[in-house]
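Student: Input file: input_19.txt. Contents: compact mmCIF, C-alpha atoms.
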```
# COMPACT_ATOMS: atom_id res chain seq x y z
CA MET I 1387 82.57 104.17 119.43
CA THR I 1388 80.80 107.54 119.27
CA ARG I 1389 77.04 107.94 119.43
CA SER I 1390 76.98 108.70 115.70
CA GLU I 1391 78.90 105.53 114.94
CA HIS I 1392 76.36 103.57 116.97
CA ALA I 1393 73.64 105.08 114.80
CA LEU I 1394 75.51 104.05 111.67
CA THR I 1395 75.90 100.48 112.93
CA GLU I 1396 72.27 100.17 114.00
CA ARG I 1397 71.05 101.33 110.57
CA GLY I 1398 73.26 98.73 108.92
CA SER I 1399 74.56 101.28 106.44
CA SER I 1400 77.95 101.04 104.74
CA ASP I 1401 78.09 104.84 104.31
CA PRO I 1402 80.56 106.32 106.82
CA PHE I 1403 78.68 109.64 106.76
CA VAL I 1404 76.15 110.28 109.55
CA HIS I 1405 73.74 113.25 109.69
CA PRO I 1406 71.63 113.38 112.86
CA ALA I 1407 69.20 116.08 113.99
CA LEU I 1408 69.28 116.81 117.72
CA PHE I 1409 65.92 118.06 119.05
CA TYR I 1410 66.22 119.98 122.32
CA ARG I 1411 63.91 122.11 124.46
CA ASN I 1412 66.19 123.73 127.03
CA PRO I 1413 69.87 124.49 127.73
CA GLY I 1414 70.31 121.26 129.70
CA GLU I 1415 69.26 119.11 126.76
CA TYR I 1416 71.38 121.21 124.42
CA LEU I 1417 74.53 120.89 126.49
CA ALA I 1418 73.99 117.19 127.08
CA GLY I 1419 73.60 116.49 123.36
CA VAL I 1420 76.07 118.92 121.81
CA GLY I 1421 78.55 118.91 124.69
CA GLY I 1422 78.54 115.13 124.85
CA PHE I 1423 79.09 114.87 121.09
CA VAL I 1424 81.98 117.35 121.14
CA GLY I 1425 83.62 115.75 124.18
CA GLY I 1426 83.38 112.26 122.71
CA ALA I 1427 84.84 113.36 119.39
CA LEU I 1428 87.78 115.11 121.08
CA ASP I 1429 88.42 112.06 123.26
CA ALA I 1430 88.60 110.00 120.07
CA GLY I 1431 91.20 112.39 118.64
CA ASP I 1432 88.95 113.69 115.85
CA PRO I 1433 88.88 117.29 114.55
CA VAL I 1434 85.71 119.14 115.59
CA LEU I 1435 84.00 122.20 114.10
CA VAL I 1436 81.18 123.81 116.08
CA ALA I 1437 79.16 126.40 114.13
CA VAL I 1438 76.17 127.55 116.21
CA PRO I 1439 74.50 130.94 116.92
CA GLY I 1440 76.46 133.27 119.23
CA PRO I 1441 74.50 132.87 122.51
CA ARG I 1442 74.64 129.08 122.26
CA LEU I 1443 78.31 129.26 121.35
CA GLU I 1444 79.10 131.16 124.55
CA MET I 1445 76.99 128.74 126.59
CA LEU I 1446 78.83 125.80 125.09
CA ARG I 1447 82.22 127.45 125.56
CA GLU I 1448 81.48 127.90 129.28
CA HIS I 1449 80.25 124.31 129.54
CA LEU I 1450 83.40 122.90 127.92
CA GLY I 1451 85.74 124.93 130.13
CA GLU I 1452 89.40 124.32 129.33
CA THR I 1453 88.39 121.85 126.63
CA ALA I 1454 87.13 124.81 124.55
CA SER I 1455 90.76 125.74 123.85
CA ALA I 1456 91.66 122.29 122.52
CA GLU I 1457 93.81 122.45 119.38
CA ARG I 1458 91.48 120.15 117.44
CA LEU I 1459 88.36 122.23 118.25
CA THR I 1460 87.18 125.14 116.08
CA LEU I 1461 84.33 127.34 117.34
CA VAL I 1462 82.54 129.80 115.02
CA ASP I 1463 79.41 131.94 115.27
CA MET I 1464 76.85 130.61 112.79
CA THR I 1465 75.12 134.00 112.52
CA ASP I 1466 78.27 135.18 110.71
CA PHE I 1467 79.61 131.91 109.23
CA GLY I 1468 76.14 131.00 107.94
CA ARG I 1469 74.50 134.40 107.48
CA ASN I 1470 73.86 133.22 103.94
CA PRO I 1471 72.68 129.58 104.27
CA GLY I 1472 74.05 128.82 100.81
CA ARG I 1473 77.56 129.56 102.06
CA ILE I 1474 77.58 126.98 104.87
CA LEU I 1475 78.07 123.79 102.91
CA SER I 1476 81.33 124.83 101.26
CA GLY I 1477 82.64 125.87 104.70
CA LEU I 1478 81.83 122.46 106.18
CA ARG I 1479 83.45 120.66 103.27
CA ASP I 1480 86.53 122.89 103.52
CA PHE I 1481 86.88 121.91 107.19
CA ALA I 1482 86.61 118.21 106.37
CA ASP I 1483 89.11 118.59 103.51
CA ARG I 1484 91.67 120.09 105.90
CA HIS I 1485 91.61 116.88 107.95
CA PRO I 1486 91.78 114.03 105.42
CA ASP I 1487 93.40 111.63 107.89
CA ARG I 1488 90.61 111.71 110.52
CA PRO I 1489 86.78 111.63 110.46
CA ALA I 1490 85.46 115.21 110.68
CA ARG I 1491 82.98 115.84 113.51
CA ILE I 1492 80.81 118.90 112.92
CA VAL I 1493 78.03 120.62 114.84
CA GLY I 1494 76.07 122.90 112.52
CA GLU I 1495 72.98 124.83 113.67
CA PRO I 1496 71.86 126.68 110.50
CA ILE I 1497 68.28 127.38 111.63
CA TRP I 1498 67.26 129.59 114.55
CA ALA I 1499 64.12 131.49 115.50
CA ARG I 1500 65.00 134.84 113.91
CA ARG I 1501 65.73 133.48 110.45
CA SER I 1502 63.57 135.14 107.77
CA PRO I 1503 61.14 132.98 105.74
CA ALA I 1504 63.42 133.27 102.69
CA GLU I 1505 66.46 132.22 104.75
CA LEU I 1506 64.54 129.25 106.16
CA VAL I 1507 63.85 127.92 102.67
CA GLU I 1508 67.51 128.06 101.69
CA ALA I 1509 68.65 126.71 105.08
CA THR I 1510 66.28 123.75 104.67
CA ARG I 1511 67.67 123.19 101.18
CA HIS I 1512 71.17 123.29 102.71
CA GLU I 1513 70.23 120.60 105.23
CA ALA I 1514 68.97 118.34 102.45
CA LEU I 1515 72.04 118.90 100.28
CA ILE I 1516 74.43 117.97 103.11
CA ASN I 1517 73.38 114.38 102.50
CA ALA I 1518 74.42 114.55 98.85
CA ALA I 1519 77.62 116.52 99.49
CA PHE I 1520 79.04 114.21 102.18
CA THR I 1521 77.92 110.79 100.94
CA GLY I 1522 80.80 108.34 101.25
CA ARG I 1523 82.90 110.58 103.51
CA ALA I 1524 83.95 109.65 107.02
CA ALA I 1525 82.21 112.50 108.80
CA THR I 1526 79.35 113.32 111.16
CA VAL I 1527 77.31 116.54 110.96
CA LEU I 1528 75.08 117.02 114.01
CA CYS I 1529 72.34 119.65 113.60
CA PRO I 1530 70.53 120.97 116.72
CA TYR I 1531 66.90 122.16 116.51
CA ASP I 1532 65.22 124.14 119.30
CA LEU I 1533 61.72 122.69 119.71
CA SER I 1534 60.76 125.47 122.15
CA GLU I 1535 61.28 128.27 119.59
CA LEU I 1536 61.08 126.89 116.06
CA PRO I 1537 57.77 126.46 114.17
CA GLU I 1538 56.49 122.91 113.90
CA ARG I 1539 56.84 122.95 110.10
CA VAL I 1540 60.56 123.67 110.45
CA CYS I 1541 61.00 120.73 112.82
CA ALA I 1542 58.93 118.55 110.48
CA ASP I 1543 61.31 119.47 107.65
CA ALA I 1544 64.25 118.51 109.88
CA ARG I 1545 62.82 114.99 110.14
CA ARG I 1546 62.86 114.86 106.34
CA THR I 1547 66.41 116.21 105.89
CA HIS I 1548 68.08 114.05 108.55
CA PRO I 1549 68.35 110.24 108.33
CA VAL I 1550 68.94 109.99 112.12
CA LEU I 1551 67.08 111.73 114.97
CA TRP I 1552 68.21 112.32 118.57
CA GLU I 1553 65.33 113.24 120.87
CA ASP I 1554 64.45 112.72 124.56
CA GLY I 1555 67.68 110.84 125.11
CA ARG I 1556 66.82 108.33 122.38
CA GLU I 1557 68.22 107.75 118.94
CA ARG I 1558 66.34 106.38 115.97
CA ALA I 1559 66.21 106.40 112.18
CA SER I 1560 63.84 108.98 110.71
CA ARG I 1561 60.77 107.46 109.09
CA HIS I 1562 60.26 110.69 107.14
CA TYR I 1563 63.70 111.04 105.56
CA ALA I 1564 63.43 112.14 101.91
CA ASP I 1565 65.77 112.19 98.92
CA PRO I 1566 67.83 115.43 98.71
CA ARG I 1567 66.95 115.99 95.07
CA ALA I 1568 63.21 115.75 95.78
CA LEU I 1569 63.51 118.19 98.71
CA SER I 1570 65.50 120.67 96.62
CA ALA I 1571 62.82 120.46 93.92
CA GLU I 1572 60.19 121.27 96.57
CA CYS I 1573 62.16 124.40 97.49
CA ASP I 1574 62.28 125.37 93.81
CA ALA I 1575 58.49 125.03 93.61
CA LEU I 1576 57.92 127.58 96.40
CA PRO I 1577 56.94 131.00 95.00
CA LEU I 1578 59.19 133.97 95.58
CA ALA I 1579 57.71 137.09 97.11
CA PRO I 1580 56.81 139.41 94.21
CA PRO I 1581 58.96 142.49 93.63
CA PRO I 1582 57.34 145.90 94.22
CA ALA I 1583 54.83 146.97 91.58
CA ARG I 1584 56.28 148.74 88.56
CA THR I 1585 59.85 147.60 89.28
CA PRO I 1586 61.59 148.18 85.92
CA ALA I 1587 63.39 145.35 84.13
CA LEU I 1588 66.65 145.75 82.23
CA ALA I 1589 66.95 143.24 79.38
CA PHE I 1590 70.52 142.24 78.52
CA THR I 1591 72.33 139.97 76.11
CA THR I 1592 75.83 139.28 74.80
CA GLY I 1593 77.94 142.43 74.92
CA ASP I 1594 75.81 144.13 77.58
CA LEU I 1595 77.76 143.17 80.73
CA GLY I 1596 79.33 146.62 80.99
CA GLU I 1597 75.89 148.22 80.91
CA VAL I 1598 74.62 145.76 83.54
CA ARG I 1599 77.51 146.63 85.88
CA HIS I 1600 77.07 150.37 85.37
CA HIS I 1601 73.30 150.13 85.92
CA ALA I 1602 73.67 148.06 89.11
CA ASP I 1603 76.42 150.32 90.48
CA ALA I 1604 74.48 153.53 89.86
CA TRP I 1605 71.31 152.07 91.37
CA ALA I 1606 73.12 150.73 94.45
CA GLY I 1607 74.74 154.12 95.01
CA GLU I 1608 71.38 155.87 94.86
CA ALA I 1609 69.98 153.23 97.25
CA GLY I 1610 72.65 154.18 99.80
CA LEU I 1611 74.69 150.97 99.70
CA GLY I 1612 78.19 151.90 100.83
CA MET I 1613 81.56 150.43 99.98
CA PRO I 1614 82.80 147.71 100.07
CA ARG I 1615 79.36 146.05 100.07
CA ARG I 1616 78.32 148.02 97.02
CA GLY I 1617 81.29 146.63 95.09
CA ASP I 1618 80.47 143.08 96.22
CA PHE I 1619 76.83 143.54 95.18
CA VAL I 1620 77.75 144.80 91.72
CA LEU I 1621 80.24 141.96 91.24
CA ALA I 1622 77.58 139.39 92.22
CA VAL I 1623 75.07 140.93 89.79
CA ALA I 1624 77.68 140.85 87.02
CA GLU I 1625 78.44 137.18 87.73
CA ALA I 1626 74.73 136.33 87.57
CA ALA I 1627 74.33 138.18 84.27
CA ALA I 1628 77.43 136.49 82.84
CA ASN I 1629 75.95 133.12 83.78
CA SER I 1630 72.72 134.05 81.98
CA ILE I 1631 74.63 134.83 78.81
CA ALA I 1632 76.87 131.75 79.02
CA HIS I 1633 74.38 129.17 80.31
CA GLY I 1634 70.91 130.75 80.27
CA GLY I 1635 70.14 131.11 76.59
CA GLY I 1636 72.35 134.13 75.87
CA HIS I 1637 70.10 136.73 77.48
CA GLY I 1638 68.21 137.62 80.65
CA THR I 1639 66.50 140.36 82.65
CA LEU I 1640 67.64 142.27 85.73
CA ARG I 1641 65.40 143.90 88.34
CA LEU I 1642 66.64 145.93 91.31
CA TRP I 1643 64.68 147.13 94.34
CA PRO I 1644 65.16 148.10 98.00
CA ASP I 1645 63.70 145.86 100.71
CA GLY I 1646 64.04 147.55 104.08
CA SER I 1647 67.70 147.36 105.05
CA ARG I 1648 68.60 145.28 101.99
CA CYS I 1649 69.24 145.80 98.30
CA VAL I 1650 67.80 143.06 96.11
CA ALA I 1651 68.72 142.05 92.57
CA GLU I 1652 66.75 139.49 90.60
CA ILE I 1653 68.15 137.90 87.44
CA ARG I 1654 65.91 135.69 85.28
CA ASP I 1655 66.93 133.65 82.26
CA GLY I 1656 66.16 130.45 80.40
CA GLY I 1657 68.87 128.38 82.05
CA HIS I 1658 68.70 125.20 84.11
CA LEU I 1659 70.69 123.91 87.10
CA THR I 1660 71.76 120.34 86.40
CA ASP I 1661 74.25 120.15 89.29
CA LEU I 1662 72.42 119.73 92.60
CA LEU I 1663 75.35 121.30 94.49
CA ALA I 1664 76.06 124.17 92.09
CA GLY I 1665 77.29 127.18 94.04
CA ARG I 1666 77.42 125.29 97.34
CA ARG I 1667 80.79 123.65 96.90
CA ARG I 1668 84.09 125.34 96.11
CA PRO I 1669 84.73 125.02 92.36
CA THR I 1670 87.99 123.60 91.09
CA LEU I 1671 90.45 125.73 89.14
CA ASP I 1672 89.39 124.11 85.88
CA SER I 1673 85.66 124.46 86.53
CA ALA I 1674 83.87 125.65 83.39
CA ASP I 1675 80.23 124.72 84.02
CA GLY I 1676 78.97 127.91 85.65
CA GLY I 1677 79.54 126.72 89.21
CA ARG I 1678 82.25 129.29 89.88
CA GLY I 1679 79.96 132.28 89.30
CA LEU I 1680 77.17 130.96 91.52
CA TRP I 1681 79.71 130.07 94.23
CA MET I 1682 81.02 133.64 94.13
CA MET I 1683 77.48 135.00 94.49
CA HIS I 1684 77.03 132.94 97.65
CA GLN I 1685 80.35 134.18 99.06
CA LEU I 1686 79.59 137.83 98.31
CA CYS I 1687 75.92 138.14 99.29
CA ASP I 1688 73.95 137.87 102.52
CA LEU I 1689 71.34 135.65 100.89
CA VAL I 1690 71.02 133.96 97.51
CA GLU I 1691 67.63 132.56 96.54
CA THR I 1692 67.40 130.25 93.54
CA ARG I 1693 64.37 128.84 91.77
CA ALA I 1694 65.16 126.30 89.05
CA THR I 1695 62.03 125.38 87.09
CA PRO I 1696 61.36 123.76 83.70
CA THR I 1697 60.87 127.24 82.20
CA GLY I 1698 64.10 128.78 83.45
CA LEU I 1699 66.20 129.97 86.36
CA THR I 1700 65.63 132.84 88.80
CA VAL I 1701 68.44 134.05 91.06
CA ARG I 1702 67.82 136.65 93.79
CA LEU I 1703 70.73 138.37 95.47
CA HIS I 1704 70.29 140.14 98.82
CA MET I 1705 72.83 142.55 100.29
CA ARG I 1706 72.37 144.26 103.65
CA HIS I 1707 73.46 147.83 104.13
CA SER I 1708 75.69 146.69 107.02
```
Could the structure of this file be written out as structure tokens, please?
Tutor:
Amino acid sequence: MTRSEHALTERGSSDPFVHPALFYRNPGEYLAGVGGFVGGALDAGDPVLVAVPGPRLEMLREHLGETASAERLTLVDMTDFGRNPGRILSGLRDFADRHPDRPARIVGEPIWARRSPAELVEATRHEALINAAFTGRAATVLCPYDLSELPERVCADARRTHPVLWEDGRERASRHYADPRALSAECDALPLAPPPARTPALAFTTGDLGEVRHHADAWAGEAGLGMPRRGDFVLAVAEAAANSIAHGGGHGTLRLWPDGSRCVAEIRDGGHLTDLLAGRRRPTLDSADGGRGLWMMHQLCDLVETRATPTGLTVRLHMRHS
């Protein structure tokens, strides 16, 4: 029985999904927790995905030695795999779906010290939504948190997004665990940084998608966004505008502005997100509820911020120049 399965038994839960946070302070604690989890899962014959930031990935690869080349083990750099936090969840689910005959064992470290404040909000939302996305599935997602580098508020949020905590060699249920829907609503209530003063707004409605695409493409070109990222940015903006027309009251507004090394697009409309996992799970071929467009935005962009409020929906798309 793996450590995660012990946690499941001790909590008396019938849900085969386990989502622990591992709190560590140094490489020794990291390797003991993550390395032990990976080794135990491989010994049990389970498929393992490890998605952690590059330096930790190399440290873990060295620690595992020949085991790192095991056929059932997949190692990926989270700074690429999870550059956009909203893209991670569909990747984890895809991995689990590829192994329907065995419990998926996953190490996902979506939060590290150099994450921007906007990325931290969406990464925290991701951690909460894991619990909704994997409920009832035979899987374990272990999420390491570096107590020596991360702000206390980030670690406090981890205690709210994870039902199980591993710390100081001990394992316990989290007394602060909160419902994923409530945590996602808290993220929606956080204000977005205001756009630069006098940023113009383009109002659009049915029949204006061509104008929206042309406007976004011309602006991105003037902002210095090169291909193919410029094409991806314009496609994401067009998908957001199409969603506004189809699901957001038939109209919306578009604002575009540069933010350092990024291009930012903000689309506002009167729509509402009723699906907690919209955009964060791969849509089916017959999907017709708007989830496909939001999923594409997450796949195309470096960051997607969403704010769903009673008055409407705001989507911000970020694209780096490289």
Student: Identify which of the residues I:Arg1567, I:His1512, I:Arg1539, I:Ser1647 lies closest to I:Leu1662, counting all atoms listed in the file when measuring atom-to-atom distances.
Tutor: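 Selected residue with least distance to I:Leu1662: I:Arg1567.
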Student: I'd like the interatomic distance between atom CA of I:Leu1446 and atom CA of I:Ala1504, to a tenth of an Å.
Tutor: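 Those two atoms sit 28.2 Å apart.
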Student: When you look at I:Pro1644 with a cut-off of 12 Å (counting all atoms listed in the file), what residues show up, excluding the ones that are within fewer than 2 positions of it in the same chain? I need them as a PyMOL selection string.
Tutor: chain I and resi 1581-1582+1585+1605-1611+1641-1642+1646-1652+1703-1707
Student: Find the residue from I:Gly1477, I:Pro1406, I:Gly1431, I:Gly1677 that sits nearest to I:Glu1557; use all atoms listed in the file when measuring.
Tutor: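 Distance minimum relative to I:Glu1557 lands on I:Pro1406.
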Student: So how far away is atom CA of I:Asp1543 from atom CA of I:Arg1442, in Å?
Tutor: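 Atom-to-atom, atom CA of I:Arg1442 and atom CA of I:Asp1543 are spaced 22.0 Å apart.
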Student: Return the single residue from I:Met1683, I:Phe1520, I:Thr1460, I:Ala1622 that is closest to I:Arg1447, with distances computed using all atoms listed in the file.
Tutor: I:Thr1460
Student: Just the residues within 7 Å of stretch 1486-1493 of chain I, please, counting all atoms listed in the file, with nothing from its chain fewer than 5 positions along; format it as a ChimeraX atom specification.
Tutor: /I:1427,1432-1437,1524-1529
Student: Atoms to include: C-alpha atoms. Write the selected residues as a PDB file, in the frame of the given file.
Tutor:
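File written: selection.pdb
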```
ATOM      1  CA  ALA I1427      84.840 113.360 119.390  1.00  0.00           C
ATOM      2  CA  ASP I1432      88.950 113.690 115.850  1.00  0.00           C
ATOM      3  CA  PRO I1433      88.880 117.290 114.550  1.00  0.00           C
ATOM      4  CA  VAL I1434      85.710 119.140 115.590  1.00  0.00           C
ATOM      5  CA  LEU I1435      84.000 122.200 114.100  1.00  0.00           C
ATOM      6  CA  VAL I1436      81.180 123.810 116.080  1.00  0.00           C
ATOM      7  CA  ALA I1437      79.160 126.400 114.130  1.00  0.00           C
ATOM      8  CA  ALA I1524      83.950 109.650 107.020  1.00  0.00           C
ATOM      9  CA  ALA I1525      82.210 112.500 108.800  1.00  0.00           C
ATOM     10  CA  THR I1526      79.350 113.320 111.160  1.00  0.00           C
ATOM     11  CA  VAL I1527      77.310 116.540 110.960  1.00  0.00           C
ATOM     12  CA  LEU I1528      75.080 117.020 114.010  1.00  0.00           C
ATOM     13  CA  CYS I1529      72.340 119.650 113.600  1.00  0.00           C
TER      14      CYS I1529
END
```
Student: In Å, rounded to a single decimal, give me how far atom CA of I:Gly1656 is from atom CA of I:Thr1697.
Tutor: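 Between these atoms lies a distance of 6.4 Å.
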Student: Can you tell me, as a list in words, what residues are no more than 12 Å from I:Pro1439 when counting all atoms listed in the file, ignoring any on the same chain fewer than 3 positions away?
Tutor: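 Near neighbours after the sequence-gap exclusion: Val1436, Arg1442, Leu1443, Glu1444, Met1445, Leu1446, Leu1461, Val1462, Asp1463, Met1464, Thr1465, Asp1466, Phe1467, Gly1468, Arg1469, Val1493, Gly1494, Glu1495, Pro1496, Ile1497, Trp1498, Ala1499, Arg1500, Arg1501, Cys1529, Pro1530, Tyr1531 and Asp1532 of chain I.
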Student: Pick the closest to I:Cys1541 from I:His1658, I:Arg1702, I:His1637, I:His1562: which is it, counting all atoms listed in the file?
Tutor: I:His1562
Student: Pick from I:His1633, I:Arg1615, I:Arg1556, I:His1449: nearest to I:Thr1592, with only C-alpha atoms counted?
Tutor: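 Of the candidates, the smallest distance to I:Thr1592 is held by I:His1633.
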Student: Kindly extract all protein, DNA and RNA residues lying within 8 Å of the coordinates (79.5, 130.6, 89.8) given in the file, considering only C-alpha atoms, and supply them as a list in words.
Tutor: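 Checked against the point, the hits come out as Glu1625, Ala1626, Asn1629, Ala1664, Gly1665, Gly1676, Gly1677, Arg1678, Gly1679, Leu1680, Trp1681, Met1682 and Met1683 of chain I.
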Student: Using all atoms listed in the file, can you tell me which of I:Val1420, I:Ile1653, I:Leu1686, I:Ala1518 comes closest to I:Pro1566?
Tutor: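 Smallest distance to I:Pro1566 is found for I:Ala1518.
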Student: Within 9 Å of I:Thr1547, counting all atoms listed in the file, which residues show up once you throw out same-chain ones fewer than 4 positions away? Write them as an MDAnalysis selection string, please.
Tutor: chainID I and resid 1405 1407 1510:1511 1513:1517 1543 1562:1566 1569
